[in-house]
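Data block for query_10.cif (mmCIF, C-alpha atoms):
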```cif
data_protein
loop_
_atom_site.label_atom_id
_atom_site.label_comp_id
_atom_site.auth_asym_id
_atom_site.auth_seq_id
_atom_site.Cartn_x
_atom_site.Cartn_y
_atom_site.Cartn_z
CA MET F 1 9.42 6.85 11.16
CA PRO F 2 7.76 8.84 8.38
CA SER F 3 4.11 7.82 8.30
CA TYR F 4 0.92 8.93 6.56
CA THR F 5 -2.71 7.87 6.69
CA TYR F 6 -5.31 8.67 4.03
CA GLU F 7 -9.05 8.03 4.08
CA VAL F 8 -11.42 7.84 1.12
CA LYS F 9 -15.11 7.05 0.64
CA VAL F 10 -15.66 4.12 -1.72
CA SER F 11 -18.97 3.71 -3.53
CA ALA F 12 -19.08 -0.03 -2.86
CA PRO F 13 -20.18 -2.31 -0.02
CA ILE F 14 -17.54 -3.48 2.45
CA HIS F 15 -17.57 -7.03 1.04
CA SER F 16 -16.51 -5.65 -2.36
CA VAL F 17 -13.67 -3.72 -0.76
CA TRP F 18 -12.57 -6.85 1.08
CA SER F 19 -12.82 -9.01 -2.03
CA PHE F 20 -10.44 -6.63 -3.81
CA VAL F 21 -7.80 -6.05 -1.11
CA ASN F 22 -7.85 -9.73 -0.16
CA ASP F 23 -5.88 -10.45 -3.36
CA ILE F 24 -2.46 -8.79 -3.64
CA ASN F 25 -2.56 -9.25 -7.42
CA ASN F 26 -5.35 -6.63 -7.46
CA TRP F 27 -3.55 -3.84 -5.65
CA ALA F 28 0.20 -4.38 -6.18
CA PRO F 29 -0.03 -2.99 -9.76
CA LEU F 30 -1.64 0.18 -8.38
CA VAL F 31 1.48 1.23 -6.44
CA PRO F 32 2.81 4.47 -7.98
CA GLY F 33 5.73 3.64 -10.29
CA TYR F 34 4.80 -0.07 -10.44
CA ILE F 35 7.14 -2.30 -12.47
CA GLU F 36 6.28 -5.86 -11.38
CA HIS F 37 5.47 -8.12 -8.45
CA GLU F 38 5.87 -11.80 -7.64
CA ILE F 39 3.75 -13.86 -5.25
CA LEU F 40 5.98 -16.06 -3.05
CA ASP F 41 3.17 -17.65 -1.02
CA ASP F 42 -0.24 -16.69 0.39
CA LYS F 43 1.32 -14.09 2.74
CA ALA F 44 4.53 -12.97 1.01
CA SER F 45 5.38 -11.22 -2.23
CA THR F 46 8.10 -9.06 -3.73
CA TRP F 47 7.38 -5.80 -5.53
CA LYS F 48 9.47 -3.62 -7.84
CA PHE F 49 8.61 -0.01 -8.57
CA LYS F 50 10.23 3.33 -9.41
CA ALA F 51 10.28 5.68 -6.44
CA ASP F 52 10.33 9.41 -7.12
CA MET F 53 11.33 11.38 -4.03
CA GLY F 54 12.08 14.76 -5.54
CA ILE F 55 15.73 14.76 -6.56
CA ILE F 56 16.11 11.01 -5.96
CA LYS F 57 14.60 8.55 -8.41
CA LYS F 58 15.32 4.89 -7.71
CA LYS F 59 14.13 1.43 -8.57
CA VAL F 60 12.96 -0.09 -5.33
CA HIS F 61 12.67 -3.82 -4.73
CA LEU F 62 10.89 -4.81 -1.54
CA ARG F 63 9.31 -7.72 0.22
CA VAL F 64 5.73 -7.41 1.42
CA ASP F 65 4.68 -9.75 4.23
CA ILE F 66 0.99 -9.88 5.13
CA MET F 67 0.78 -9.90 8.92
CA ASN F 68 -2.96 -10.12 9.32
CA TRP F 69 -6.07 -10.66 7.18
CA THR F 70 -9.17 -9.72 9.18
CA GLU F 71 -12.25 -10.20 7.00
CA PRO F 72 -13.95 -7.92 6.02
CA SER F 73 -12.21 -4.93 7.50
CA GLU F 74 -8.41 -5.05 7.63
CA VAL F 75 -5.18 -6.20 6.01
CA THR F 76 -1.86 -5.29 7.63
CA PHE F 77 1.59 -5.77 6.12
CA ASN F 78 5.29 -5.26 6.75
CA LEU F 79 7.73 -3.89 4.18
CA THR F 80 11.40 -4.87 3.94
CA GLY F 81 13.82 -3.37 1.45
CA ILE F 82 15.66 -5.87 -0.72
CA ASN F 83 17.91 -3.52 -2.69
CA GLU F 84 17.75 -0.57 -0.26
CA LYS F 85 18.06 -0.39 3.51
CA PHE F 86 14.59 0.45 4.75
CA SER F 87 11.69 -1.10 6.60
CA GLY F 88 8.08 -0.22 7.13
CA GLU F 89 4.51 -1.27 7.55
CA GLY F 90 1.06 -0.40 6.36
CA TYR F 91 -2.57 -1.34 6.26
CA PHE F 92 -5.89 -1.01 4.54
CA LYS F 93 -8.91 -0.75 6.82
CA ALA F 94 -12.55 -0.63 5.81
CA ARG F 95 -15.60 0.60 7.70
CA GLN F 96 -19.14 0.20 6.32
CA LEU F 97 -21.10 3.47 6.08
CA GLN F 98 -24.21 2.28 4.26
CA ASN F 99 -24.96 -0.77 2.13
CA SER F 100 -23.27 0.78 -0.88
CA GLN F 101 -20.60 2.96 0.76
CA THR F 102 -17.45 2.14 2.70
CA ILE F 103 -14.74 4.28 4.25
CA MET F 104 -11.34 2.87 3.32
CA THR F 105 -8.18 3.98 5.11
CA GLY F 106 -4.70 3.39 3.75
CA CYS F 107 -1.58 3.86 5.83
CA LEU F 108 2.14 3.62 5.03
CA SER F 109 5.09 4.01 7.41
CA ILE F 110 8.63 3.71 6.06
CA THR F 111 12.04 4.28 7.64
CA ALA F 112 15.33 4.41 5.76
CA GLU F 113 18.46 3.06 7.39
CA GLY F 114 22.16 3.39 6.65
CA THR F 115 24.45 6.26 5.72
CA MET F 116 21.85 8.30 3.80
CA ALA F 117 19.01 7.62 6.27
CA LYS F 118 18.65 11.17 7.59
CA MET F 119 18.31 12.69 4.12
CA VAL F 120 16.09 9.90 2.75
CA ASN F 121 13.78 10.00 5.79
CA SER F 122 13.44 13.75 5.33
CA MET F 123 12.41 13.21 1.70
CA LEU F 124 10.04 10.41 2.72
CA LYS F 125 8.24 12.84 5.03
CA THR F 126 7.31 14.93 2.00
CA SER F 127 6.75 12.15 -0.58
CA LEU F 128 4.99 9.54 1.58
CA PRO F 129 1.68 11.48 1.80
CA GLU F 130 1.43 11.60 -1.99
CA MET F 131 2.37 7.91 -2.37
CA THR F 132 -0.19 6.86 0.25
CA MET F 133 -2.92 9.04 -1.24
CA GLU F 134 -2.25 7.85 -4.81
CA LEU F 135 -2.30 4.17 -3.81
CA THR F 136 -5.45 4.49 -1.67
CA GLU F 137 -7.27 6.51 -4.34
CA ALA F 138 -6.24 4.04 -7.07
CA VAL F 139 -7.53 1.09 -5.02
CA ALA F 140 -10.82 2.88 -4.34
CA LYS F 141 -11.25 3.78 -8.03
CA LYS F 142 -10.53 0.22 -9.17
CA ILE F 143 -13.05 -1.19 -6.67
CA GLU F 144 -15.71 1.25 -7.92
CA GLU F 145 -14.97 0.32 -11.55
CA MET F 146 -15.62 -3.34 -10.73
CA GLN F 147 -19.12 -2.60 -9.35
#
```
Kindly return the structure encoded in the file as structure tokens.
Amino acid sequence: MPSYTYEVKVSAPIHSVWSFVNDINNWAPLVPGYIEHEILDDKASTWKFKADMGIIKKKVHLRVDIMNWTEPSEVTFNLTGINEKFSGEGYFKARQLQNSQTIMTGCLSITAEGTMAKMVNSMLKTSLPEMTMELTEAVAKKIEEMQ
């Protein structure tokens, strides 16, 4: 399963990080290629975005299920493809450094399935680091802007 973890220092206290990631409406629009999202209930949503994996550019529609909210330090989620055959998981974790600084870690793991799985998984290995980094950096920047 292609996977990537990225860590960034956020100039905000851990409670501010938690307050932001605790609401999917805050971070869904920060996904690279974001088109739209819909909240189904307090733990489920669907997201649409344009994925750019080198030579393949696709509209992706997926379901995001929150598996665990652990205040103030962690949110974990599962990903299920709606229009494409893939599955995955991810998380945001936060660790307080000082009163006004937090280390935030973002992680995404995605596996393609089906006839094109081998090729798509190979492309995911190269594009997933950039997607994970962009999302984590965008979340950190937005949190800092709200301070």
Identify, on the basis of all atoms listed in the file, every residue whose closest approach to segment 84-93 of chain F does not exceed 8 Å; exclude the query and any residue fewer than 5 positions from it along the same chain; express the result as a list in words. Val21, Val60, His61, Ser73, Glu74, Val75, Thr76, Phe77, Asn78, Leu79, Met104, Thr105, Gly106, Cys107, Leu108, Ser109, Ile110, Thr111, Ala112, Glu113 and Gly114 of chain F
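Nearest residue to Glu38 of chain F, choosing from F:Lys118, F:Lys58, F:Lys50, F:Arg63 and counting all atoms listed in the file: F:Arg63.
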For Ala51 of chain F, which residue among F:Met123, F:Met146, F:Asn22, F:Thr102 is the nearest when counting all atoms listed in the file? F:Met123
Can you list, as a ChimeraX atom specification, the residues that the PyMOL selection byres ((chain F and resi 46) around 12) selects here? /F:24-25,28-29,34-41,43-45,47-49,60-66,78-83
For the PyMOL selection byres ((chain F and resi 136) around 12), applied here, can you spell out every residue it catches as JSON, numbers by chain? {"F": [4, 5, 6, 7, 8, 9, 10, 17, 21, 27, 28, 30, 31, 32, 90, 91, 92, 93, 94, 103, 104, 105, 106, 107, 108, 129, 130, 131, 132, 133, 134, 135, 137, 138, 139, 140, 141, 142, 143]}
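In this model, the gap between atom CA of Leu124 of chain F and atom CA of Asp23 of chain F comes to 26.9 Å.
Going from atom CA of Trp69 of chain F over to atom CA of Gln98 of chain F, you cover 22.5 Å.
What separates atom CA of Glu144 of chain F from atom CA of Ser11 of chain F is a distance of 6.0 Å.
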Report the residues retrieved by the PyMOL selection byres ((chain F and resi 15) around 10) from the displayed file, expressed as a PyMOL selection string. chain F and resi 12-14+16-20+71-73+94+96+99-100+102
